[in-house]
file query.csv (CSV, N, CA and C atoms and all ligand atoms)
chain,number,residue,atom,x,y,z
A,1,MET,N,16.2,4.5,34.4
A,1,MET,CA,15.4,4.1,33.3
A,1,MET,C,16.1,4.7,32.0
A,2,GLU,N,16.1,3.9,31.0
A,2,GLU,CA,16.7,4.4,29.7
A,2,GLU,C,15.5,4.8,28.8
A,3,TRP,N,15.6,6.1,28.3
A,3,TRP,CA,14.6,6.6,27.4
A,3,TRP,C,15.1,6.5,25.9
A,4,ILE,N,14.2,5.9,25.1
A,4,ILE,CA,14.6,5.7,23.7
A,4,ILE,C,13.6,6.4,22.8
A,5,ARG,N,14.1,7.3,21.9
A,5,ARG,CA,13.2,8.0,21.0
A,5,ARG,C,12.8,7.0,19.9
A,6,VAL,N,11.4,6.9,19.7
A,6,VAL,CA,11.0,5.8,18.7
A,6,VAL,C,10.2,6.4,17.5
A,7,LEU,N,9.7,7.6,17.7
A,7,LEU,CA,8.9,8.3,16.6
A,7,LEU,C,9.0,9.8,16.7
A,8,ASP,N,8.7,10.4,15.6
A,8,ASP,CA,8.6,11.9,15.6
A,8,ASP,C,7.3,12.2,16.4
A,9,ALA,N,7.3,13.4,17.1
A,9,ALA,CA,6.2,13.8,18.0
A,9,ALA,C,4.9,13.8,17.2
A,10,ASP,N,4.9,14.1,15.9
A,10,ASP,CA,3.7,14.2,15.2
A,10,ASP,C,3.3,12.9,14.4
A,11,ALA,N,4.0,11.9,14.7
A,11,ALA,CA,3.8,10.6,14.0
A,11,ALA,C,2.4,9.9,14.3
A,12,LEU,N,1.8,10.2,15.4
A,12,LEU,CA,0.6,9.5,15.8
A,12,LEU,C,-0.5,10.6,16.0
A,13,SER,N,-1.4,10.7,15.1
A,13,SER,CA,-2.5,11.6,15.3
A,13,SER,C,-3.6,10.8,16.0
A,14,SER,N,-4.7,11.4,16.2
A,14,SER,CA,-5.8,10.8,17.0
A,14,SER,C,-6.2,9.4,16.5
A,15,GLY,N,-6.1,8.4,17.4
A,15,GLY,CA,-6.5,7.0,17.1
A,15,GLY,C,-5.5,6.2,16.3
A,16,GLU,N,-4.4,6.8,15.9
A,16,GLU,CA,-3.4,6.1,15.1
A,16,GLU,C,-2.5,5.2,15.9
A,17,ARG,N,-1.9,4.2,15.1
A,17,ARG,CA,-1.0,3.2,15.8
A,17,ARG,C,0.2,3.0,14.9
A,18,GLN,N,1.2,2.6,15.5
A,18,GLN,CA,2.4,2.2,14.7
A,18,GLN,C,3.2,1.2,15.6
A,19,VAL,N,3.8,0.2,14.8
A,19,VAL,CA,4.7,-0.8,15.5
A,19,VAL,C,6.1,-0.4,15.2
A,20,VAL,N,6.9,-0.3,16.2
A,20,VAL,CA,8.3,0.0,16.0
A,20,VAL,C,9.2,-1.1,16.6
A,21,SER,N,10.4,-1.2,16.1
A,21,SER,CA,11.3,-2.2,16.6
A,21,SER,C,12.3,-1.5,17.5
A,22,VAL,N,12.4,-2.1,18.7
A,22,VAL,CA,13.4,-1.6,19.7
A,22,VAL,C,14.1,-2.8,20.2
A,23,LYS,N,15.4,-2.9,19.9
A,23,LYS,CA,16.3,-4.0,20.4
A,23,LYS,C,15.6,-5.3,20.1
A,24,ASP,N,15.3,-5.5,18.8
A,24,ASP,CA,14.7,-6.8,18.3
A,24,ASP,C,13.3,-7.1,18.8
A,25,HIS,N,12.7,-6.2,19.5
A,25,HIS,CA,11.3,-6.5,19.9
A,25,HIS,C,10.4,-5.5,19.2
A,26,LYS,N,9.1,-5.9,19.0
A,26,LYS,CA,8.1,-5.1,18.4
A,26,LYS,C,7.3,-4.4,19.5
A,27,ILE,N,7.3,-3.1,19.4
A,27,ILE,CA,6.5,-2.3,20.4
A,27,ILE,C,5.4,-1.6,19.6
A,28,LEU,N,4.2,-1.7,20.1
A,28,LEU,CA,3.0,-1.1,19.6
A,28,LEU,C,2.8,0.3,20.3
A,29,LEU,N,2.7,1.3,19.5
A,29,LEU,CA,2.4,2.6,20.1
A,29,LEU,C,1.1,3.1,19.5
A,30,LEU,N,0.2,3.6,20.4
A,30,LEU,CA,-1.1,4.0,19.9
A,30,LEU,C,-1.5,5.3,20.7
A,31,GLU,N,-2.2,6.1,19.9
A,31,GLU,CA,-2.8,7.3,20.5
A,31,GLU,C,-4.3,7.1,20.8
A,32,HIS,N,-4.6,7.3,22.1
A,32,HIS,CA,-6.0,7.2,22.5
A,32,HIS,C,-6.4,8.3,23.4
A,33,GLU,N,-7.3,9.1,23.0
A,33,GLU,CA,-7.8,10.2,23.8
A,33,GLU,C,-6.7,11.1,24.4
A,34,ASN,N,-5.8,11.5,23.5
A,34,ASN,CA,-4.7,12.5,23.8
A,34,ASN,C,-3.6,11.9,24.7
A,35,THR,N,-3.6,10.6,24.8
A,35,THR,CA,-2.5,9.9,25.5
A,35,THR,C,-1.9,8.9,24.6
A,36,ILE,N,-0.5,8.8,24.6
A,36,ILE,CA,0.2,7.8,23.9
A,36,ILE,C,0.6,6.7,24.8
A,37,TYR,N,0.2,5.5,24.3
A,37,TYR,CA,0.5,4.2,25.1
A,37,TYR,C,1.5,3.4,24.3
A,38,ALA,N,2.3,2.7,25.0
A,38,ALA,CA,3.3,1.8,24.4
A,38,ALA,C,3.2,0.4,25.1
A,39,MET,N,3.2,-0.6,24.3
A,39,MET,CA,3.1,-2.0,24.8
A,39,MET,C,3.8,-3.0,23.9
A,40,LEU,N,4.3,-4.1,24.4
A,40,LEU,CA,4.8,-5.1,23.6
A,40,LEU,C,3.7,-5.6,22.6
A,41,ASN,N,4.1,-5.7,21.4
A,41,ASN,CA,3.1,-6.0,20.4
A,41,ASN,C,2.9,-7.5,20.3
A,42,THR,N,2.7,-8.1,21.4
A,42,THR,CA,2.6,-9.6,21.5
A,42,THR,C,1.6,-9.9,22.6
A,43,CYS,N,0.5,-10.5,22.3
A,43,CYS,CA,-0.5,-10.9,23.3
A,43,CYS,C,0.2,-11.9,24.2
A,44,PRO,N,0.1,-11.7,25.5
A,44,PRO,CA,0.7,-12.7,26.5
A,44,PRO,C,0.0,-14.1,26.4
A,45,HIS,N,-1.2,-14.1,25.8
A,45,HIS,CA,-1.8,-15.4,25.7
A,45,HIS,C,-1.2,-16.4,24.7
A,46,MET,N,-1.2,-16.0,23.5
A,46,MET,CA,-0.6,-16.9,22.4
A,46,MET,C,0.3,-16.1,21.5
A,47,GLY,N,0.7,-14.9,21.8
A,47,GLY,CA,1.8,-14.3,21.1
A,47,GLY,C,1.4,-13.6,19.8
A,48,VAL,N,0.1,-13.4,19.6
A,48,VAL,CA,-0.3,-12.7,18.3
A,48,VAL,C,-0.1,-11.2,18.4
A,49,SER,N,-0.1,-10.5,17.3
A,49,SER,CA,0.0,-9.1,17.3
A,49,SER,C,-1.2,-8.4,17.8
A,50,LEU,N,-1.1,-7.4,18.6
A,50,LEU,CA,-2.2,-6.6,19.1
A,50,LEU,C,-2.5,-5.4,18.2
A,51,LYS,N,-1.8,-5.2,17.1
A,51,LYS,CA,-1.9,-4.0,16.4
A,51,LYS,C,-3.4,-3.7,15.9
A,52,ASN,N,-4.1,-4.7,15.6
A,52,ASN,CA,-5.5,-4.5,15.2
A,52,ASN,C,-6.5,-4.7,16.4
A,53,GLY,N,-6.0,-4.7,17.6
A,53,GLY,CA,-6.9,-4.9,18.7
A,53,GLY,C,-7.8,-3.7,18.9
A,54,ARG,N,-9.0,-3.9,19.3
A,54,ARG,CA,-10.0,-2.8,19.6
A,54,ARG,C,-9.6,-2.1,20.9
A,55,VAL,N,-9.7,-0.8,20.8
A,55,VAL,CA,-9.4,0.0,22.0
A,55,VAL,C,-10.8,0.5,22.5
A,56,THR,N,-11.0,0.3,23.8
A,56,THR,CA,-12.4,0.5,24.4
A,56,THR,C,-12.4,1.9,25.1
A,57,GLU,N,-13.7,2.3,25.4
A,57,GLU,CA,-13.9,3.6,26.1
A,57,GLU,C,-13.3,3.5,27.5
A,58,GLU,N,-13.1,2.3,28.0
A,58,GLU,CA,-12.5,2.1,29.4
A,58,GLU,C,-11.0,2.1,29.3
A,59,ASP,N,-10.4,2.5,28.2
A,59,ASP,CA,-8.9,2.6,28.0
A,59,ASP,C,-8.3,1.2,28.1
A,60,ASP,N,-8.9,0.2,27.5
A,60,ASP,CA,-8.4,-1.1,27.4
A,60,ASP,C,-8.1,-1.5,26.0
A,61,ILE,N,-7.3,-2.5,25.7
A,61,ILE,CA,-7.1,-3.0,24.4
A,61,ILE,C,-7.6,-4.5,24.4
A,62,VAL,N,-8.3,-4.9,23.4
A,62,VAL,CA,-8.9,-6.2,23.3
A,62,VAL,C,-8.1,-7.0,22.2
A,63,CYS,N,-7.5,-8.1,22.5
A,63,CYS,CA,-6.8,-8.9,21.6
A,63,CYS,C,-7.8,-9.4,20.5
A,64,PRO,N,-7.4,-9.3,19.2
A,64,PRO,CA,-8.3,-9.7,18.1
A,64,PRO,C,-8.5,-11.2,18.1
A,65,PHE,N,-7.7,-12.0,18.7
A,65,PHE,CA,-7.9,-13.5,18.6
A,65,PHE,C,-8.9,-14.0,19.6
A,66,HIS,N,-8.6,-14.1,20.9
A,66,HIS,CA,-9.5,-14.7,21.8
A,66,HIS,C,-10.0,-13.7,22.8
A,67,HIS,N,-9.9,-12.4,22.4
A,67,HIS,CA,-10.5,-11.3,23.1
A,67,HIS,C,-10.1,-11.1,24.6
A,68,SER,N,-8.9,-11.5,24.9
A,68,SER,CA,-8.3,-11.0,26.2
A,68,SER,C,-8.3,-9.5,26.2
A,69,VAL,N,-8.5,-9.0,27.4
A,69,VAL,CA,-8.6,-7.5,27.6
A,69,VAL,C,-7.6,-7.1,28.6
A,70,PHE,N,-6.8,-6.0,28.2
A,70,PHE,CA,-5.7,-5.5,29.0
A,70,PHE,C,-5.9,-4.0,29.2
A,71,ASP,N,-5.5,-3.6,30.4
A,71,ASP,CA,-5.5,-2.1,30.7
A,71,ASP,C,-4.4,-1.5,30.0
A,72,LEU,N,-4.7,-0.4,29.2
A,72,LEU,CA,-3.6,0.2,28.4
A,72,LEU,C,-2.5,0.8,29.3
A,73,GLU,N,-2.9,1.3,30.4
A,73,GLU,CA,-2.0,2.0,31.3
A,73,GLU,C,-1.1,1.1,32.0
A,74,THR,N,-1.7,0.0,32.6
A,74,THR,CA,-0.9,-0.9,33.5
A,74,THR,C,-0.6,-2.3,32.8
A,75,GLY,N,-1.3,-2.6,31.8
A,75,GLY,CA,-1.2,-4.0,31.2
A,75,GLY,C,-2.0,-5.0,32.0
A,76,ALA,N,-2.6,-4.7,33.1
A,76,ALA,CA,-3.4,-5.7,33.9
A,76,ALA,C,-4.4,-6.4,33.0
A,77,VAL,N,-4.6,-7.7,33.3
A,77,VAL,CA,-5.6,-8.5,32.6
A,77,VAL,C,-7.0,-8.2,33.2
A,78,LYS,N,-7.9,-7.8,32.3
A,78,LYS,CA,-9.3,-7.6,32.7
A,78,LYS,C,-10.2,-8.8,32.3
A,79,ALA,N,-9.7,-9.5,31.3
A,79,ALA,CA,-10.4,-10.7,30.8
A,79,ALA,C,-9.4,-11.6,30.1
A,80,TRP,N,-9.4,-12.9,30.3
A,80,TRP,CA,-8.4,-13.8,29.8
A,80,TRP,C,-9.1,-14.8,28.8
A,81,ALA,N,-8.8,-14.6,27.5
A,81,ALA,CA,-9.3,-15.6,26.5
A,81,ALA,C,-10.8,-15.9,26.7
A,82,PRO,N,-11.7,-15.0,26.7
A,82,PRO,CA,-13.1,-15.3,26.9
A,82,PRO,C,-13.8,-15.8,25.6
A,83,TRP,N,-13.1,-15.8,24.5
A,83,TRP,CA,-13.7,-16.1,23.2
A,83,TRP,C,-12.9,-17.1,22.4
A,84,PRO,N,-13.6,-18.0,21.7
A,84,PRO,CA,-15.0,-18.1,21.6
A,84,PRO,C,-15.6,-18.8,22.8
A,85,PRO,N,-16.9,-18.6,23.0
A,85,PRO,CA,-17.5,-19.2,24.2
A,85,PRO,C,-17.2,-20.7,24.3
A,86,VAL,N,-17.0,-21.2,25.4
A,86,VAL,CA,-16.7,-22.6,25.8
A,86,VAL,C,-15.2,-22.9,25.4
A,87,LEU,N,-14.9,-22.8,24.1
A,87,LEU,CA,-13.5,-23.1,23.6
A,87,LEU,C,-12.5,-22.1,24.2
A,88,GLY,N,-13.0,-20.9,24.4
A,88,GLY,CA,-12.1,-19.8,25.0
A,88,GLY,C,-11.6,-20.2,26.3
A,89,LYS,N,-12.4,-20.9,27.1
A,89,LYS,CA,-12.0,-21.3,28.5
A,89,LYS,C,-10.9,-22.3,28.4
A,90,LEU,N,-11.0,-23.2,27.4
A,90,LEU,CA,-9.9,-24.2,27.2
A,90,LEU,C,-8.7,-23.6,26.7
A,91,LEU,N,-8.8,-22.7,25.8
A,91,LEU,CA,-7.7,-21.9,25.2
A,91,LEU,C,-7.0,-21.1,26.3
A,92,GLY,N,-7.8,-20.5,27.2
A,92,GLY,CA,-7.2,-19.7,28.3
A,92,GLY,C,-6.4,-20.5,29.2
A,93,ALA,N,-6.7,-21.8,29.3
A,93,ALA,CA,-5.9,-22.7,30.2
A,93,ALA,C,-4.5,-23.1,29.6
A,94,VAL,N,-4.4,-22.8,28.3
A,94,VAL,CA,-3.1,-23.1,27.7
A,94,VAL,C,-1.9,-22.4,28.3
A,95,ARG,N,-2.2,-21.2,28.7
A,95,ARG,CA,-1.1,-20.3,29.3
A,95,ARG,C,-1.7,-19.7,30.6
A,96,PRO,N,-0.9,-19.6,31.6
A,96,PRO,CA,-1.4,-18.9,32.8
A,96,PRO,C,-1.6,-17.4,32.5
A,97,GLU,N,-2.6,-16.9,33.2
A,97,GLU,CA,-2.9,-15.5,33.0
A,97,GLU,C,-1.7,-14.6,33.3
A,98,SER,N,-1.4,-13.7,32.4
A,98,SER,CA,-0.2,-12.8,32.6
A,98,SER,C,-0.5,-11.5,32.0
A,99,PRO,N,0.0,-10.4,32.6
A,99,PRO,CA,-0.3,-9.1,32.1
A,99,PRO,C,0.5,-8.8,30.8
A,100,LEU,N,0.0,-7.8,30.1
A,100,LEU,CA,0.6,-7.2,28.9
A,100,LEU,C,1.8,-6.3,29.4
A,101,HIS,N,2.9,-6.5,28.7
A,101,HIS,CA,4.0,-5.6,29.1
A,101,HIS,C,3.8,-4.2,28.5
A,102,VAL,N,3.8,-3.2,29.3
A,102,VAL,CA,3.6,-1.9,28.9
A,102,VAL,C,4.8,-1.0,29.3
A,103,TYR,N,5.0,0.1,28.6
A,103,TYR,CA,6.1,1.0,28.8
A,103,TYR,C,5.7,2.4,29.0
A,104,PRO,N,6.4,3.2,29.9
A,104,PRO,CA,6.0,4.6,30.0
A,104,PRO,C,6.4,5.3,28.7
A,105,THR,N,5.7,6.4,28.4
A,105,THR,CA,6.0,7.2,27.2
A,105,THR,C,6.1,8.7,27.6
A,106,LYS,N,6.8,9.4,26.8
A,106,LYS,CA,6.8,10.9,26.9
A,106,LYS,C,7.0,11.5,25.6
A,107,THR,N,6.5,12.7,25.4
A,107,THR,CA,6.7,13.5,24.2
A,107,THR,C,7.6,14.7,24.5
A,108,GLU,N,8.7,14.7,23.9
A,108,GLU,CA,9.7,15.7,24.3
A,108,GLU,C,10.7,15.9,23.2
A,109,SER,N,11.2,17.1,23.0
A,109,SER,CA,12.3,17.4,22.0
A,109,SER,C,11.9,16.9,20.6
A,110,GLY,N,10.6,17.1,20.3
A,110,GLY,CA,10.2,16.7,18.9
A,110,GLY,C,10.0,15.2,18.7
A,111,GLY,N,10.0,14.4,19.8
A,111,GLY,CA,9.9,13.0,19.6
A,111,GLY,C,9.0,12.3,20.6
A,112,ILE,N,8.6,11.1,20.3
A,112,ILE,CA,7.9,10.2,21.2
A,112,ILE,C,8.9,9.2,21.8
A,113,TRP,N,9.0,9.1,23.1
A,113,TRP,CA,10.0,8.3,23.7
A,113,TRP,C,9.3,7.2,24.5
A,114,ILE,N,10.0,6.0,24.6
A,114,ILE,CA,9.5,5.0,25.6
A,114,ILE,C,10.6,4.8,26.6
A,115,GLY,N,10.2,4.5,27.8
A,115,GLY,CA,11.2,4.2,28.9
A,115,GLY,C,11.4,2.8,29.1
A,116,LEU,N,12.6,2.4,29.2
A,116,LEU,CA,12.9,0.9,29.4
A,116,LEU,C,13.6,0.8,30.8
A,117,GLY,N,13.0,0.0,31.6
A,117,GLY,CA,13.6,-0.3,32.9
A,117,GLY,C,14.6,-1.5,32.7
A,118,LYS,N,15.4,-1.8,33.7
A,118,LYS,CA,16.3,-2.8,33.6
A,118,LYS,C,15.7,-4.2,33.5
A,119,ASP,N,14.5,-4.4,33.9
A,119,ASP,CA,13.8,-5.6,33.8
A,119,ASP,C,12.9,-5.8,32.7
A,120,ASP,N,12.9,-4.8,31.8
A,120,ASP,CA,12.0,-4.8,30.6
A,120,ASP,C,12.3,-5.9,29.7
A,121,ALA,N,11.3,-6.3,28.9
A,121,ALA,CA,11.4,-7.5,28.0
A,121,ALA,C,12.1,-7.1,26.7
A,122,VAL,N,12.8,-6.1,26.6
A,122,VAL,CA,13.5,-5.8,25.4
A,122,VAL,C,15.0,-5.8,25.5
A,201,LIG,S1,-3.8,-14.7,21.4
A,201,LIG,FE1,-4.6,-12.9,22.4
A,201,LIG,S2,-6.2,-13.7,23.6
A,201,LIG,FE2,-5.4,-15.5,22.6
call {"tool": "encode", "arguments": {"input": "query.csv", "output": "structure tokens"}}
result
Amino acid sequence: MEWIRVLDADALSSGERQVVSVKDHKILLLEHENTIYAMLNTCPHMGVSLKNGRVTEEDDIVCPFHHSVFDLETGAVKAWAPWPPVLGKLLGAVRPESPLHVYPTKTESGGIWIGLGKDDAV
């Protein structure tokens, strides 16, 4: 795994978010309850930014568009385009359900790092 330093260690205080560019891709980093999560800043449904997505008490992120829900840790889909009612079902069928791409993080040597595997989308 290749580790890339993306931010200073103190760049994200409680609840903060930042989007960084790594090898031409936008990665969303956010702090939630003392953990830093990193994910592709692209909803797998229709590609919109997740930067303003709501983070839940269950450690999920909710896409601001059609409210797909993804596990912050694993990227697993917990709901796929459930909104708006009725129309959301049709919109959900536009693309097959697929997980959010997430990255491991660590805070070390004064920085926040994300880990890229050889199969990562960056
Ligand atoms: S674009 Fe995110 S749920 Fe549709």
call {"tool": "residues_near_ligand", "arguments": {"input": "query.csv", "ligand": "ligand LIG 201 (chain A)", "cutoff": "5 Å", "atoms": "only N, CA and C atoms and all ligand atoms", "output": "ChimeraX atom specification"}}
result
/A:43,45-48,63,65-68,81
call {"tool": "residues_around", "arguments": {"input": "query.csv", "residues": "A:Trp80", "least_positions_apart": "3", "cutoff": "8 Å", "atoms": "all atoms listed in the file", "output": "PyMOL selection string"}}
result
chain A and resi 45+66-70+77+83+88-89+91-93+97-98
call {"tool": "residues_near_point", "arguments": {"input": "query.csv", "point": "(9.0, 5.7, 19.2)", "cutoff": "6.5 Å", "atoms": "only N, CA and C atoms", "output": "PyMOL selection string"}}
result
chain A and resi 4-8+112-114
call {"tool": "closest_residue", "arguments": {"input": "query.csv", "among": "A:Lys118, A:His101, A:His32, A:Lys23", "to": "A:Asp59", "atoms": "only C-alpha atoms"}}
result
A:His32
call {"tool": "atom_distance", "arguments": {"input": "query.csv", "atom1": "atom CA of A:Thr107", "atom2": "atom C of A:Ser49"}}
result
24.1 Å
call {"tool": "atom_distance", "arguments": {"input": "query.csv", "atom1": "atom C of A:Ser21", "atom2": "atom C of A:Pro44"}}
result
19.7 Å
call {"tool": "select_by_dssp", "arguments": {"input": "query.csv", "residues": "chain A", "states": "strand (DSSP E or B)", "output": "count of residues only"}}
result
50
call {"tool": "residues_around", "arguments": {"input": "query.csv", "residues": "stretch 14-17 of chain A", "least_positions_apart": "4", "cutoff": "7 Å", "atoms": "only N, CA and C atoms", "output": "list in words"}}
result
Leu28, Leu29, Leu30, Glu31, His32, Glu33 and Asn34 of chain A
call {"tool": "atom_distance", "arguments": {"input": "query.csv", "atom1": "atom CA of A:Trp3", "atom2": "atom N of A:Leu100"}}
result
20.7 Å
call {"tool": "select_by_dssp", "arguments": {"input": "query.csv", "residues": "stretch 62-121 of chain A", "states": "alpha helix (DSSP H)", "output": "PyMOL selection string"}}
result
chain A and resi 87-92
call {"tool": "decode", "arguments": {"input": "query.csv", "residues": "stretch 68-88 of chain A", "atoms": "N, CA and C atoms", "output": "PDB file, in the first residue's frame"}}
result
ATOM      1  N   SER A  68     -28.882   8.300  -0.922  1.00  0.00           N
ATOM      2  CA  SER A  68     -28.215   7.008  -0.715  1.00  0.00           C
ATOM      3  C   SER A  68     -27.383   7.104   0.558  1.00  0.00           C
ATOM      4  N   VAL A  69     -27.279   5.979   1.260  1.00  0.00           N
ATOM      5  CA  VAL A  69     -26.574   5.954   2.546  1.00  0.00           C
ATOM      6  C   VAL A  69     -25.414   4.971   2.454  1.00  0.00           C
ATOM      7  N   PHE A  70     -24.227   5.422   2.871  1.00  0.00           N
ATOM      8  CA  PHE A  70     -23.023   4.594   2.799  1.00  0.00           C
ATOM      9  C   PHE A  70     -22.338   4.542   4.162  1.00  0.00           C
ATOM     10  N   ASP A  71     -21.825   3.375   4.500  1.00  0.00           N
ATOM     11  CA  ASP A  71     -21.057   3.197   5.727  1.00  0.00           C
ATOM     12  C   ASP A  71     -19.717   3.932   5.580  1.00  0.00           C
ATOM     13  N   LEU A  72     -19.406   4.817   6.521  1.00  0.00           N
ATOM     14  CA  LEU A  72     -18.171   5.604   6.420  1.00  0.00           C
ATOM     15  C   LEU A  72     -16.928   4.723   6.452  1.00  0.00           C
ATOM     16  N   GLU A  73     -16.987   3.643   7.191  1.00  0.00           N
ATOM     17  CA  GLU A  73     -15.804   2.796   7.368  1.00  0.00           C
ATOM     18  C   GLU A  73     -15.565   1.891   6.153  1.00  0.00           C
ATOM     19  N   THR A  74     -16.632   1.291   5.659  1.00  0.00           N
ATOM     20  CA  THR A  74     -16.471   0.285   4.606  1.00  0.00           C
ATOM     21  C   THR A  74     -16.964   0.756   3.231  1.00  0.00           C
ATOM     22  N   GLY A  75     -17.784   1.793   3.208  1.00  0.00           N
ATOM     23  CA  GLY A  75     -18.387   2.251   1.950  1.00  0.00           C
ATOM     24  C   GLY A  75     -19.598   1.438   1.531  1.00  0.00           C
ATOM     25  N   ALA A  76     -19.977   0.447   2.330  1.00  0.00           N
ATOM     26  CA  ALA A  76     -21.117  -0.410   1.976  1.00  0.00           C
ATOM     27  C   ALA A  76     -22.401   0.408   1.847  1.00  0.00           C
ATOM     28  N   VAL A  77     -23.244   0.001   0.909  1.00  0.00           N
ATOM     29  CA  VAL A  77     -24.518   0.678   0.682  1.00  0.00           C
ATOM     30  C   VAL A  77     -25.517   0.235   1.746  1.00  0.00           C
ATOM     31  N   LYS A  78     -26.127   1.198   2.421  1.00  0.00           N
ATOM     32  CA  LYS A  78     -27.186   0.880   3.384  1.00  0.00           C
ATOM     33  C   LYS A  78     -28.554   1.270   2.844  1.00  0.00           C
ATOM     34  N   ALA A  79     -28.567   2.204   1.884  1.00  0.00           N
ATOM     35  CA  ALA A  79     -29.801   2.552   1.166  1.00  0.00           C
ATOM     36  C   ALA A  79     -29.367   3.092  -0.189  1.00  0.00           C
ATOM     37  N   TRP A  80     -30.139   2.787  -1.218  1.00  0.00           N
ATOM     38  CA  TRP A  80     -29.756   3.189  -2.574  1.00  0.00           C
ATOM     39  C   TRP A  80     -30.861   4.069  -3.164  1.00  0.00           C
ATOM     40  N   ALA A  81     -30.557   5.348  -3.313  1.00  0.00           N
ATOM     41  CA  ALA A  81     -31.448   6.327  -3.939  1.00  0.00           C
ATOM     42  C   ALA A  81     -32.901   6.197  -3.453  1.00  0.00           C
ATOM     43  N   PRO A  82     -33.140   6.320  -2.165  1.00  0.00           N
ATOM     44  CA  PRO A  82     -34.517   6.188  -1.675  1.00  0.00           C
ATOM     45  C   PRO A  82     -35.349   7.463  -1.814  1.00  0.00           C
ATOM     46  N   TRP A  83     -34.761   8.540  -2.312  1.00  0.00           N
ATOM     47  CA  TRP A  83     -35.461   9.824  -2.337  1.00  0.00           C
ATOM     48  C   TRP A  83     -35.378  10.447  -3.722  1.00  0.00           C
ATOM     49  N   PRO A  84     -36.367  11.153  -4.174  1.00  0.00           N
ATOM     50  CA  PRO A  84     -37.665  11.332  -3.526  1.00  0.00           C
ATOM     51  C   PRO A  84     -38.513  10.066  -3.626  1.00  0.00           C
ATOM     52  N   PRO A  85     -39.538   9.982  -2.814  1.00  0.00           N
ATOM     53  CA  PRO A  85     -40.384   8.788  -2.841  1.00  0.00           C
ATOM     54  C   PRO A  85     -40.880   8.529  -4.261  1.00  0.00           C
ATOM     55  N   VAL A  86     -41.030   7.317  -4.620  1.00  0.00           N
ATOM     56  CA  VAL A  86     -41.465   6.834  -5.928  1.00  0.00           C
ATOM     57  C   VAL A  86     -40.409   7.115  -6.995  1.00  0.00           C
ATOM     58  N   LEU A  87     -40.104   8.389  -7.253  1.00  0.00           N
ATOM     59  CA  LEU A  87     -39.117   8.727  -8.277  1.00  0.00           C
ATOM     60  C   LEU A  87     -37.743   8.161  -7.925  1.00  0.00           C
ATOM     61  N   GLY A  88     -37.418   8.140  -6.631  1.00  0.00           N
ATOM     62  CA  GLY A  88     -36.129   7.616  -6.194  1.00  0.00           C
ATOM     63  C   GLY A  88     -35.912   6.186  -6.657  1.00  0.00           C
TER      64      GLY A  88
END
